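> Contents of upload-v2.cif (mmCIF, C-alpha atoms and all ligand atoms) are below:
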```cif
data_model
#
loop_
_atom_site.label_atom_id
_atom_site.label_comp_id
_atom_site.auth_asym_id
_atom_site.auth_seq_id
_atom_site.Cartn_x
_atom_site.Cartn_y
_atom_site.Cartn_z
CA MET A 30 -27.49 217.65 201.94
CA THR A 31 -24.87 217.18 199.29
CA ALA A 32 -22.69 214.13 199.04
CA THR A 33 -19.18 214.95 200.15
CA GLY A 34 -15.80 213.17 200.30
CA ASN A 35 -15.15 210.06 202.34
CA SER A 36 -15.04 207.75 199.35
CA GLY A 37 -12.42 205.08 199.61
CA ALA A 38 -13.51 203.52 202.94
CA ARG A 39 -13.86 199.78 202.49
CA CYS A 40 -17.23 198.16 203.22
CA PRO A 41 -16.95 197.00 206.87
CA VAL A 42 -19.45 194.18 206.23
CA CYS A 43 -18.41 192.40 203.01
CA ASP A 44 -14.93 193.91 202.61
CA THR A 45 -15.16 193.51 198.82
CA ALA A 46 -15.83 197.09 197.67
CA GLU A 47 -15.38 200.72 198.61
CA LEU A 48 -18.26 202.72 200.07
CA ARG A 49 -19.75 205.33 197.73
CA PRO A 50 -20.96 208.57 199.35
CA PHE A 51 -24.62 209.44 198.64
CA TYR A 52 -26.05 211.65 201.39
CA ALA A 53 -24.65 214.13 203.89
CA GLN A 54 -26.07 216.34 206.63
CA ALA A 55 -23.83 218.34 208.97
CA GLY A 56 -24.42 219.16 212.64
CA VAL A 57 -27.10 216.67 213.71
CA PRO A 58 -27.58 215.87 217.43
CA THR A 59 -25.33 212.99 218.47
CA HIS A 60 -27.99 211.59 220.84
CA VAL A 61 -31.65 211.61 219.88
CA GLY A 62 -32.62 209.71 223.03
CA ILE A 63 -31.24 212.16 225.58
CA LEU A 64 -33.91 214.03 227.50
CA TRP A 65 -32.82 217.64 227.97
CA PRO A 66 -34.14 219.52 231.00
CA SER A 67 -34.35 222.94 229.26
CA ARG A 68 -34.90 224.28 225.75
CA GLN A 69 -31.48 226.00 225.74
CA GLU A 70 -29.62 222.83 226.71
CA ALA A 71 -31.52 220.93 224.04
CA VAL A 72 -30.49 223.44 221.36
CA ASP A 73 -26.87 223.45 222.62
CA CYS A 74 -26.63 219.62 222.51
CA PRO A 75 -23.51 217.90 221.10
CA ARG A 76 -23.59 217.50 217.33
CA GLY A 77 -21.89 215.37 214.68
CA ASP A 78 -22.06 214.80 210.91
CA LEU A 79 -23.89 212.31 208.72
CA ASP A 80 -21.78 211.24 205.72
CA LEU A 81 -23.59 208.22 204.40
CA GLY A 82 -21.93 205.85 201.95
CA TYR A 83 -23.27 202.61 200.48
CA CYS A 84 -21.59 199.43 199.36
CA PRO A 85 -22.28 198.55 195.70
CA GLU A 86 -21.80 194.84 196.50
CA CYS A 87 -23.96 194.15 199.60
CA ALA A 88 -25.84 197.51 199.89
CA PHE A 89 -24.59 198.13 203.43
CA VAL A 90 -25.15 201.81 204.32
CA TYR A 91 -22.71 203.37 206.78
CA ASN A 92 -21.99 206.81 208.27
CA THR A 93 -18.30 207.34 207.53
CA GLY A 94 -18.53 210.61 209.52
CA PHE A 95 -19.36 208.72 212.74
CA ASP A 96 -17.06 209.43 215.70
CA ALA A 97 -17.53 206.84 218.45
CA SER A 98 -16.00 209.21 221.04
CA LEU A 99 -19.09 211.46 220.66
CA ASN A 100 -21.50 208.61 221.26
CA ALA A 101 -21.26 207.14 224.75
CA TYR A 102 -24.59 206.00 226.19
CA GLY A 103 -25.39 207.35 229.61
CA HIS A 104 -28.26 206.96 232.05
CA SER A 105 -30.36 209.66 230.43
CA TYR A 106 -30.61 207.59 227.26
CA ASP A 107 -34.23 206.60 226.78
CA ASN A 108 -35.39 204.63 223.77
CA ALA A 109 -38.20 202.71 225.42
CA LEU A 110 -41.18 202.25 223.11
CA HIS A 111 -43.14 199.94 225.34
CA PHE A 112 -45.60 202.58 226.52
CA SER A 113 -47.41 202.13 223.19
CA ALA A 114 -50.12 199.45 223.07
CA VAL A 115 -49.23 198.58 219.47
CA PHE A 116 -45.60 198.00 220.40
CA GLN A 117 -46.60 196.00 223.48
CA SER A 118 -48.61 193.57 221.39
CA TYR A 119 -45.77 193.31 218.85
CA GLU A 120 -43.32 192.37 221.65
CA ARG A 121 -45.71 189.89 223.19
CA ASP A 122 -46.28 188.16 219.83
CA LEU A 123 -42.53 188.09 219.17
CA ALA A 124 -41.76 186.59 222.60
CA ARG A 125 -44.43 183.90 222.11
CA ARG A 126 -43.17 183.07 218.61
CA LEU A 127 -39.55 182.66 219.76
CA ILE A 128 -40.65 180.51 222.72
CA ASP A 129 -42.79 178.24 220.50
CA THR A 130 -40.43 178.00 217.51
CA TYR A 131 -37.30 177.16 219.51
CA ASP A 132 -38.94 175.65 222.61
CA VAL A 133 -37.42 178.33 224.84
CA ARG A 134 -38.87 177.09 228.14
CA ASP A 135 -37.07 176.69 231.46
CA ALA A 136 -34.08 177.98 229.44
CA ASP A 137 -31.29 180.56 229.77
CA VAL A 138 -31.84 183.74 227.78
CA VAL A 139 -29.18 186.43 227.32
CA GLU A 140 -30.06 189.83 225.91
CA ILE A 141 -27.37 192.22 224.63
CA GLY A 142 -28.63 195.81 224.83
CA SER A 143 -31.62 194.88 226.97
CA GLY A 144 -32.51 198.47 227.91
CA SER A 145 -34.65 198.35 231.04
CA GLY A 146 -35.07 194.58 230.66
CA HIS A 147 -38.67 194.88 229.55
CA PHE A 148 -38.60 192.37 226.68
CA LEU A 149 -36.29 190.03 228.56
CA GLY A 150 -38.70 190.05 231.48
CA LEU A 151 -41.57 189.27 229.11
CA ILE A 152 -39.90 186.28 227.44
CA CYS A 153 -38.82 184.96 230.84
CA ASP A 154 -42.33 185.34 232.28
CA LEU A 155 -44.06 183.71 229.31
CA GLY A 156 -41.60 180.81 229.01
CA GLU A 157 -40.53 180.48 232.67
CA ASN A 158 -36.97 181.22 231.57
CA ARG A 159 -33.96 182.70 233.35
CA GLY A 160 -32.74 185.99 231.90
CA MET A 161 -29.47 187.91 231.95
CA GLY A 162 -29.40 191.33 230.29
CA PHE A 163 -26.57 193.75 229.54
CA ASP A 164 -26.99 197.42 228.74
CA PRO A 165 -24.66 200.39 229.32
CA SER A 166 -27.64 202.71 229.89
CA TYR A 167 -29.30 200.49 232.53
CA ASP A 168 -30.13 202.46 235.65
CA ALA A 169 -31.12 200.03 238.41
CA GLU A 170 -32.26 202.83 240.71
CA HIS A 171 -34.86 204.25 238.33
CA ALA A 172 -35.74 201.15 236.30
CA GLU A 173 -39.03 199.34 236.68
CA PRO A 174 -38.81 196.26 238.91
CA LEU A 175 -37.79 193.06 237.10
CA PRO A 176 -39.16 189.55 237.61
CA GLU A 177 -37.12 187.54 240.11
CA ARG A 178 -35.64 185.30 237.41
CA VAL A 179 -34.20 188.26 235.45
CA ARG A 180 -31.05 190.31 236.06
CA VAL A 181 -29.73 193.29 234.08
CA VAL A 182 -26.15 194.52 234.40
CA ASN A 183 -24.88 197.94 233.38
CA GLU A 184 -22.15 196.98 230.88
CA TYR A 185 -21.16 197.43 227.25
CA PHE A 186 -21.18 194.23 225.19
CA SER A 187 -18.26 191.84 225.54
CA ARG A 188 -17.96 188.28 224.24
CA GLU A 189 -17.86 187.01 227.84
CA HIS A 190 -21.58 187.83 228.06
CA VAL A 191 -22.37 184.86 225.81
CA ASP A 192 -19.66 182.38 226.76
CA THR A 193 -21.80 181.01 229.57
CA LYS A 194 -24.76 178.76 228.82
CA ALA A 195 -27.34 180.57 226.71
CA ASP A 196 -30.13 178.82 224.84
CA LEU A 197 -31.28 182.04 223.24
CA VAL A 198 -29.22 185.19 222.62
CA ILE A 199 -31.27 188.30 221.82
CA CYS A 200 -29.83 191.45 220.34
CA ARG A 201 -32.43 194.02 219.29
CA HIS A 202 -31.66 197.46 217.90
CA VAL A 203 -28.01 197.36 218.91
CA LEU A 204 -26.14 196.42 215.73
CA GLU A 205 -27.03 199.68 213.96
CA HIS A 206 -25.51 201.67 216.85
CA VAL A 207 -22.00 200.15 216.87
CA ASP A 208 -19.23 201.33 214.58
CA ASP A 209 -18.10 197.78 213.77
CA PRO A 210 -21.24 195.61 213.53
CA ALA A 211 -19.43 192.80 211.68
CA GLY A 212 -16.83 192.72 214.47
CA MET A 213 -19.56 192.60 217.11
CA LEU A 214 -21.20 189.63 215.37
CA ARG A 215 -17.83 187.84 215.19
CA SER A 216 -17.35 188.42 218.95
CA LEU A 217 -20.83 187.04 219.59
CA ARG A 218 -19.98 183.99 217.49
CA GLU A 219 -16.66 183.47 219.31
CA GLY A 220 -18.40 183.83 222.68
CA ILE A 221 -21.02 181.20 221.79
CA GLY A 222 -18.19 178.84 220.80
CA ASP A 223 -18.99 175.16 220.45
CA ARG A 224 -22.68 175.30 221.39
CA PRO A 225 -24.48 174.70 218.07
CA ASP A 226 -27.97 174.68 219.64
CA THR A 227 -27.79 178.31 220.75
CA VAL A 228 -30.29 180.43 218.82
CA LEU A 229 -29.48 184.04 217.96
CA TYR A 230 -32.30 186.56 217.46
CA LEU A 231 -31.25 189.86 215.89
CA GLU A 232 -33.48 192.83 215.11
CA VAL A 233 -32.56 196.10 213.39
CA PRO A 234 -34.50 198.92 211.70
CA ASN A 235 -35.28 198.10 208.07
CA GLY A 236 -32.92 200.43 206.22
CA LEU A 237 -34.65 199.87 202.91
CA LEU A 238 -37.95 201.13 204.27
CA ALA A 239 -36.31 204.34 205.52
CA LEU A 240 -34.69 204.87 202.10
CA ARG A 241 -37.80 204.02 200.07
CA ARG A 242 -40.37 205.82 202.21
CA LEU A 243 -37.99 208.80 202.40
CA SER A 244 -38.34 208.68 206.17
CA ILE A 245 -35.85 211.51 206.56
CA GLY A 246 -36.38 211.43 210.30
CA ASP A 247 -34.95 207.92 210.40
CA LEU A 248 -31.45 209.10 209.50
CA ILE A 249 -29.88 209.83 212.87
CA TYR A 250 -26.34 210.04 214.21
CA GLU A 251 -26.80 207.14 216.60
CA HIS A 252 -27.48 204.85 213.68
CA VAL A 253 -24.00 204.29 212.30
CA SER A 254 -25.39 201.66 209.92
CA TYR A 255 -28.57 201.05 207.93
CA PHE A 256 -29.10 197.37 207.21
CA LEU A 257 -30.88 196.00 204.16
CA ALA A 258 -31.66 192.28 203.88
CA SER A 259 -28.56 191.72 201.71
CA SER A 260 -26.10 193.40 204.08
CA LEU A 261 -27.67 191.86 207.20
CA ARG A 262 -27.45 188.41 205.62
CA THR A 263 -23.82 189.05 204.61
CA ALA A 264 -22.87 190.27 208.10
CA VAL A 265 -24.55 187.37 209.93
CA GLU A 266 -23.33 184.61 207.61
CA SER A 267 -19.74 185.85 207.47
CA ALA A 268 -19.62 185.94 211.28
CA GLY A 269 -20.29 182.18 211.27
CA PHE A 270 -24.04 181.80 211.62
CA GLU A 271 -26.54 179.86 209.54
CA ILE A 272 -29.69 181.91 208.94
CA LEU A 273 -32.91 180.06 209.86
CA ASP A 274 -35.24 182.96 209.16
CA LEU A 275 -34.84 186.50 207.83
CA ARG A 276 -37.98 188.62 207.67
CA GLU A 277 -39.47 192.07 207.77
CA SER A 278 -41.55 192.70 210.88
CA TYR A 279 -43.43 195.47 212.66
CA ASP A 280 -45.21 196.61 209.49
CA GLY A 281 -41.95 196.38 207.53
CA GLN A 282 -40.13 198.79 209.88
CA PHE A 283 -37.79 196.14 211.30
CA LEU A 284 -35.63 193.38 209.84
CA SER A 285 -35.12 190.32 211.97
CA VAL A 286 -32.85 187.31 211.75
CA GLU A 287 -32.98 183.99 213.58
CA ALA A 288 -29.72 182.06 213.26
CA ARG A 289 -27.64 179.23 214.66
CA PRO A 290 -23.85 179.01 214.91
CA THR A 291 -22.04 177.16 212.14
CA SER A 292 -18.37 176.85 211.26
CA VAL A 293 -17.03 180.18 209.97
CA PRO A 294 -16.67 180.13 206.18
CA ALA A 295 -13.16 181.08 205.07
CA ARG A 296 -14.25 183.75 202.64
CA PRO A 297 -18.02 184.11 202.20
CA SER A 298 -19.30 186.00 199.19
CA PRO A 299 -21.66 188.92 199.84
CA ALA A 300 -25.41 188.48 199.40
CA ARG A 301 -26.34 190.86 196.60
CA PRO A 302 -29.25 193.32 196.56
CA ALA A 303 -31.66 193.67 193.64
CA PRO A 304 -30.52 196.33 191.13
CA GLU A 305 -33.53 198.53 191.95
CA VAL A 306 -32.39 198.66 195.58
CA LEU A 307 -29.09 200.25 194.56
CA ALA A 308 -31.02 202.66 192.31
CA ASP A 309 -33.19 203.68 195.30
CA ILE A 310 -30.10 204.43 197.36
CA GLN A 311 -28.54 206.50 194.58
CA ALA A 312 -31.75 208.50 194.12
CA PHE A 313 -32.26 209.08 197.85
CA ALA A 314 -30.49 212.45 198.27
CA ASP A 315 -32.46 214.18 195.49
CA ARG A 316 -35.78 212.69 196.54
CA ALA A 317 -35.14 213.53 200.22
CA ARG A 318 -34.39 217.14 199.26
CA GLU A 319 -37.79 217.35 197.48
CA ARG A 320 -39.51 215.88 200.53
CA VAL A 321 -37.86 218.42 202.86
CA THR A 322 -38.98 221.27 200.59
CA ALA A 323 -42.57 219.99 200.55
CA TRP A 324 -42.73 219.72 204.37
CA THR A 325 -41.13 223.14 204.82
CA GLU A 326 -43.74 224.69 202.50
CA LEU A 327 -46.61 222.96 204.34
CA LEU A 328 -45.39 224.17 207.74
CA GLU A 329 -44.98 227.70 206.36
CA ARG A 330 -48.57 227.63 205.05
CA LEU A 331 -49.91 226.46 208.43
CA ALA A 332 -47.87 229.15 210.21
CA ALA A 333 -49.22 231.82 207.83
CA ALA A 334 -52.76 230.62 208.64
CA GLU A 335 -51.84 230.82 212.36
CA GLU A 336 -52.82 227.20 212.79
CA PRO A 337 -51.14 225.64 215.84
CA VAL A 338 -49.18 222.48 214.94
CA VAL A 339 -47.94 219.82 217.34
CA ALA A 340 -46.04 216.62 216.69
CA TRP A 341 -46.83 213.26 218.29
CA GLY A 342 -43.99 210.94 219.30
CA ALA A 343 -40.85 212.41 220.92
CA GLY A 344 -38.56 209.65 219.69
CA ALA A 345 -35.71 209.39 217.23
CA LYS A 346 -37.96 210.11 214.25
CA ALA A 347 -39.06 213.46 215.66
CA VAL A 348 -35.48 214.52 216.39
CA GLY A 349 -34.37 213.50 212.89
CA PHE A 350 -37.38 215.13 211.23
CA PHE A 351 -37.17 218.50 213.01
CA ASN A 352 -33.42 218.73 212.65
CA VAL A 353 -33.38 218.06 208.92
CA LEU A 354 -36.17 220.63 208.46
CA GLU A 355 -34.56 222.99 210.99
CA VAL A 356 -37.96 223.59 212.59
CA THR A 357 -37.84 225.34 215.96
CA THR A 358 -40.75 227.62 216.89
CA ALA A 359 -43.13 226.73 213.99
CA VAL A 360 -43.85 223.51 215.91
CA ASP A 361 -42.98 224.01 219.56
CA ARG A 362 -44.63 221.01 221.26
CA VAL A 363 -44.30 217.25 220.86
CA VAL A 364 -46.77 214.94 222.58
CA ASP A 365 -45.47 211.73 224.11
CA VAL A 366 -47.26 209.13 226.20
CA ASN A 367 -44.04 208.23 228.05
CA PRO A 368 -44.22 210.11 231.37
CA ARG A 369 -40.40 210.10 231.65
CA LYS A 370 -40.16 212.24 228.52
CA GLN A 371 -42.82 214.77 229.50
CA GLY A 372 -41.34 218.08 230.71
CA THR A 373 -38.15 217.61 228.71
CA TYR A 374 -36.99 219.07 225.39
CA LEU A 375 -36.11 217.57 222.01
CA ALA A 376 -32.38 217.45 221.13
CA GLY A 377 -31.25 220.03 218.58
CA THR A 378 -34.47 221.92 217.88
CA GLY A 379 -35.82 222.26 221.46
CA GLN A 380 -39.51 221.32 221.19
CA ALA A 381 -41.17 220.86 224.61
CA VAL A 382 -42.41 217.32 225.28
CA VAL A 383 -45.92 217.34 226.74
CA ALA A 384 -48.53 214.79 227.85
CA PRO A 385 -51.57 214.13 225.62
CA ASP A 386 -53.77 215.95 228.21
CA ALA A 387 -51.93 219.20 227.43
CA LEU A 388 -53.79 219.34 224.10
CA VAL A 389 -57.17 219.72 225.81
CA SER A 390 -56.59 223.25 227.13
CA ASP A 391 -54.46 224.34 224.14
CA PRO A 392 -55.68 222.32 221.12
CA PRO A 393 -53.71 222.13 217.87
CA GLY A 394 -55.17 222.45 214.37
CA THR A 395 -52.78 219.86 212.97
CA VAL A 396 -51.04 216.88 214.57
CA LEU A 397 -47.94 215.52 212.82
CA VAL A 398 -47.71 211.79 213.54
CA MET A 399 -44.03 210.83 213.55
CA ASN A 400 -44.61 207.13 213.00
CA PRO A 401 -47.44 206.05 210.65
CA TYR A 402 -47.70 202.77 212.54
CA TYR A 403 -49.28 204.60 215.49
CA ALA A 404 -51.67 206.79 213.45
CA THR A 405 -54.80 204.81 214.38
CA GLU A 406 -53.86 204.66 218.07
CA ILE A 407 -53.16 208.42 218.10
CA GLY A 408 -56.34 209.26 216.18
CA GLN A 409 -58.37 207.37 218.80
CA THR A 410 -56.57 209.13 221.67
CA LEU A 411 -57.41 212.51 220.08
CA ILE A 412 -61.10 211.52 219.85
CA ASP A 413 -61.05 210.36 223.49
CA LEU A 414 -59.55 213.73 224.49
CA GLY A 415 -62.18 215.61 222.48
CA VAL A 416 -59.48 217.24 220.34
CA ASP A 417 -60.60 217.83 216.74
CA ALA A 418 -57.40 218.20 214.68
CA ASN A 419 -56.08 217.26 211.24
CA VAL A 420 -53.77 214.25 211.48
CA GLN A 421 -50.81 214.22 209.07
CA THR A 422 -48.42 211.29 209.05
CA VAL A 423 -44.74 212.00 208.42
ZN ZN B 1 -20.48 195.43 201.35
#
```
What would you get if you wrote out this structure as structure tokens?

Amino acid sequence: MTATGNSGARCPVCDTAELRPFYAQAGVPTHVGILWPSRQEAVDCPRGDLDLGYCPECAFVYNTGFDASLNAYGHSYDNALHFSAVFQSYERDLARRLIDTYDVRDADVVEIGSGSGHFLGLICDLGENRGMGFDPSYDAEHAEPLPERVRVVNEYFSREHVDTKADLVICRHVLEHVDDPAGMLRSLREGIGDRPDTVLYLEVPNGLLALRRLSIGDLIYEHVSYFLASSLRTAVESAGFEILDLRESYDGQFLSVEARPTSVPARPSPARPAPEVLADIQAFADRARERVTAWTELLERLAAAEEPVVAWGAGAKAVGFFNVLEVTTAVDRVVDVNPRKQGTYLAGTGQAVVAPDALVSDPPGTVLVMNPYYATEIGQTLIDLGVDANVQTV
């Protein structure tokens, strides 16, 4: 976890400064969302390097060690969160808010990176809209059935996806995965062309929260970028959009932007972060190292006391967390409510993914909750199962 080379790359968002390296971690799994069928395959998964640099002008954070050739999305990619009741109500509220704010009714909605089409289906159901989704990991054969007015096509983004009529263009949790997010936004803007009433809704993880909360599990290879409000604003405005709303959502874990096309400014100046934001980024590596040490010591104490430990939530955070701590057998099970994940193994460190019921016959002493947002929901599930365990949020 020492900062290494790679200085000198220009900020791909504001293009006014060079990225400064601040955090590195070698050999992390390239795909946290792949479900591996055996422990050995999970441990032998493809790996790449994190070499994070930040821009001193707009605070964009970028993995200069990212190699796009290692990061194609296949059918086994699974980032669906919608099995959680908390996430379901978040999505429902978001769909209703977009429909009401922009009168998205009997309208054409395009979603870039629509996954299984779940959210697109929701916004089309609630607003009686027509939906067209694009996602390279879409698997029509195994996907849940979509409403009649919604179609999803298995394709990577291209500007042609938005050059037909679209009243609302949605792009959630995509921008942080592409190696040229500013270029993708420019393509979106070009595709929308001369249709000033089109509304763009963008959503990304809140990079500042990950850096401030020291959510070490949030630093993953698939996230080439970490957006803060300043860099997201810079990227969206310089692509030729006027920002109507920029907010933190989902308990501060996401950043979202609502925008409309405008004429592209010739040379926009970057939106600047507060000085304490840059200080947080610079302090991150040292503070993260302390956090890793504290977690390692806690897990060693629990192991010495022969207390069984499980994790809850077999998503990106668990893969990031276990890989930075290099935990393998000390925690060998991760609970997940998504039935498609159960029976598979976590990339890199090989924990078995089990259903909540599995805790009844083999109860843990401690449950590590990977996302604090779900702590209440998980605590209630444990009570319902009759499992009496300590709950620790990560
Ligand atoms: Zn910048």
> Enumerate as a PyMOL selection string the residues within 6 Å of ligand ZN 1 (chain B), counting all atoms listed in the file.
chain A and resi 40+42-44+84+86-89
> Could you tell me which of A:Ala55, A:Leu354, A:Leu307, A:Ala345 comes closest to A:Trp324 if we count all atoms listed in the file?
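Answer, going by the shortest atom-to-atom distance: A:Leu354.
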> Calculated over all atoms listed in the file, which of the candidates A:Asp122, A:Asp386, A:Glu251, A:Glu157 has the smallest distance to A:Asp96?
A:Glu251
> Considering all atoms listed in the file, state which residue in the set A:Val286, A:Leu151, A:Ile412, A:Leu273 is at the smallest distance from A:Ala258.
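Using all atoms listed in the file, the shortest distance to A:Ala258 belongs to A:Val286.
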> Could you name the residues that touch A:Thr263 at 10 Å or less, counting all atoms listed in the file, but leaving out those on the same chain fewer than 2 positions away, as number ranges by chain?
A: 42-43, 87-89, 211, 257-261, 265-268, 297-301
> How would the residues just chosen look if you wrote them out with C-alpha atoms as a tab-separated table (two decimals), keeping the file's coordinate frame?

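Wrote again-v7.tsv, looks like this:
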```
chain	number	residue	atom	x	y	z
A	42	VAL	CA	-19.45	194.18	206.23
A	43	CYS	CA	-18.41	192.40	203.01
A	87	CYS	CA	-23.96	194.15	199.60
A	88	ALA	CA	-25.84	197.51	199.89
A	89	PHE	CA	-24.59	198.13	203.43
A	211	ALA	CA	-19.43	192.80	211.68
A	257	LEU	CA	-30.88	196.00	204.16
A	258	ALA	CA	-31.66	192.28	203.88
A	259	SER	CA	-28.56	191.72	201.71
A	260	SER	CA	-26.10	193.40	204.08
A	261	LEU	CA	-27.67	191.86	207.20
A	265	VAL	CA	-24.55	187.37	209.93
A	266	GLU	CA	-23.33	184.61	207.61
A	267	SER	CA	-19.74	185.85	207.47
A	268	ALA	CA	-19.62	185.94	211.28
A	297	PRO	CA	-18.02	184.11	202.20
A	298	SER	CA	-19.30	186.00	199.19
A	299	PRO	CA	-21.66	188.92	199.84
A	300	ALA	CA	-25.41	188.48	199.40
A	301	ARG	CA	-26.34	190.86	196.60
```
> Which residues are near A:Leu229? Cut-off 12 Å, all atoms listed in the file, ignore same chain within fewer than 5 positions. Put them as a ChimeraX atom specification.
/A:127,131,133,138-141,191,195-201,214,217-218,221,224,265,269-275,285-291
> Would you work out the distance separating atom CA of A:Val207 from atom CA of A:Val423, expressed in Å to one decimal?
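Result for atom CA of A:Val207 versus atom CA of A:Val423: 27.0 Å, one decimal.
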> For A:Glu70, which residue among A:Ala376, A:Ala46, A:Leu411, A:Val416 is the nearest when counting only C-alpha atoms?
A:Ala376
> Leaving out A:Val253 and any residue of its chain fewer than 4 positions from it, which residues lie within 7 Å of it when counting only C-alpha atoms, given as a count of residues only?
7
> Using all atoms listed in the file, which of the listed residues (A:Thr322, A:Asn183, A:Ser118, A:Thr422) sits closest to A:Phe148?
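The closest residue to A:Phe148 is A:Ser118.
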> With distances taken over only C-alpha atoms, which of A:Tyr185, A:Met399, A:Phe116, A:Tyr374 is nearest to A:Ser67?
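Among the listed residues, the smallest separation from A:Ser67 belongs to A:Tyr374.
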> To one decimal place in Å, what is the distance between atom CA of A:Gly77 and atom CA of A:Phe350?
15.9 Å
> Please measure the separation of atom CA of A:Ser390 and atom CA of A:Thr405, giving the value in Å to one decimal.
22.5 Å
> Fewer than 3 positions away in the same chain doesn't count, so skip those; otherwise give me all residues within 10 Å of A:Lys346, counting all atoms listed in the file, as a ChimeraX atom specification.
/A:61,244-249,342-343,349-352,398-400,423
> Quick one: residues within 10 Å of A:Gly372, all atoms listed in the file counted, chain neighbours fewer than 3 positions away excluded, as a list in words?
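These residues fall inside the cut-off: Leu64, Trp65, Pro66, Ser67, Pro368, Arg369, Ala381, Val382, Val383 and Ala384 of chain A.
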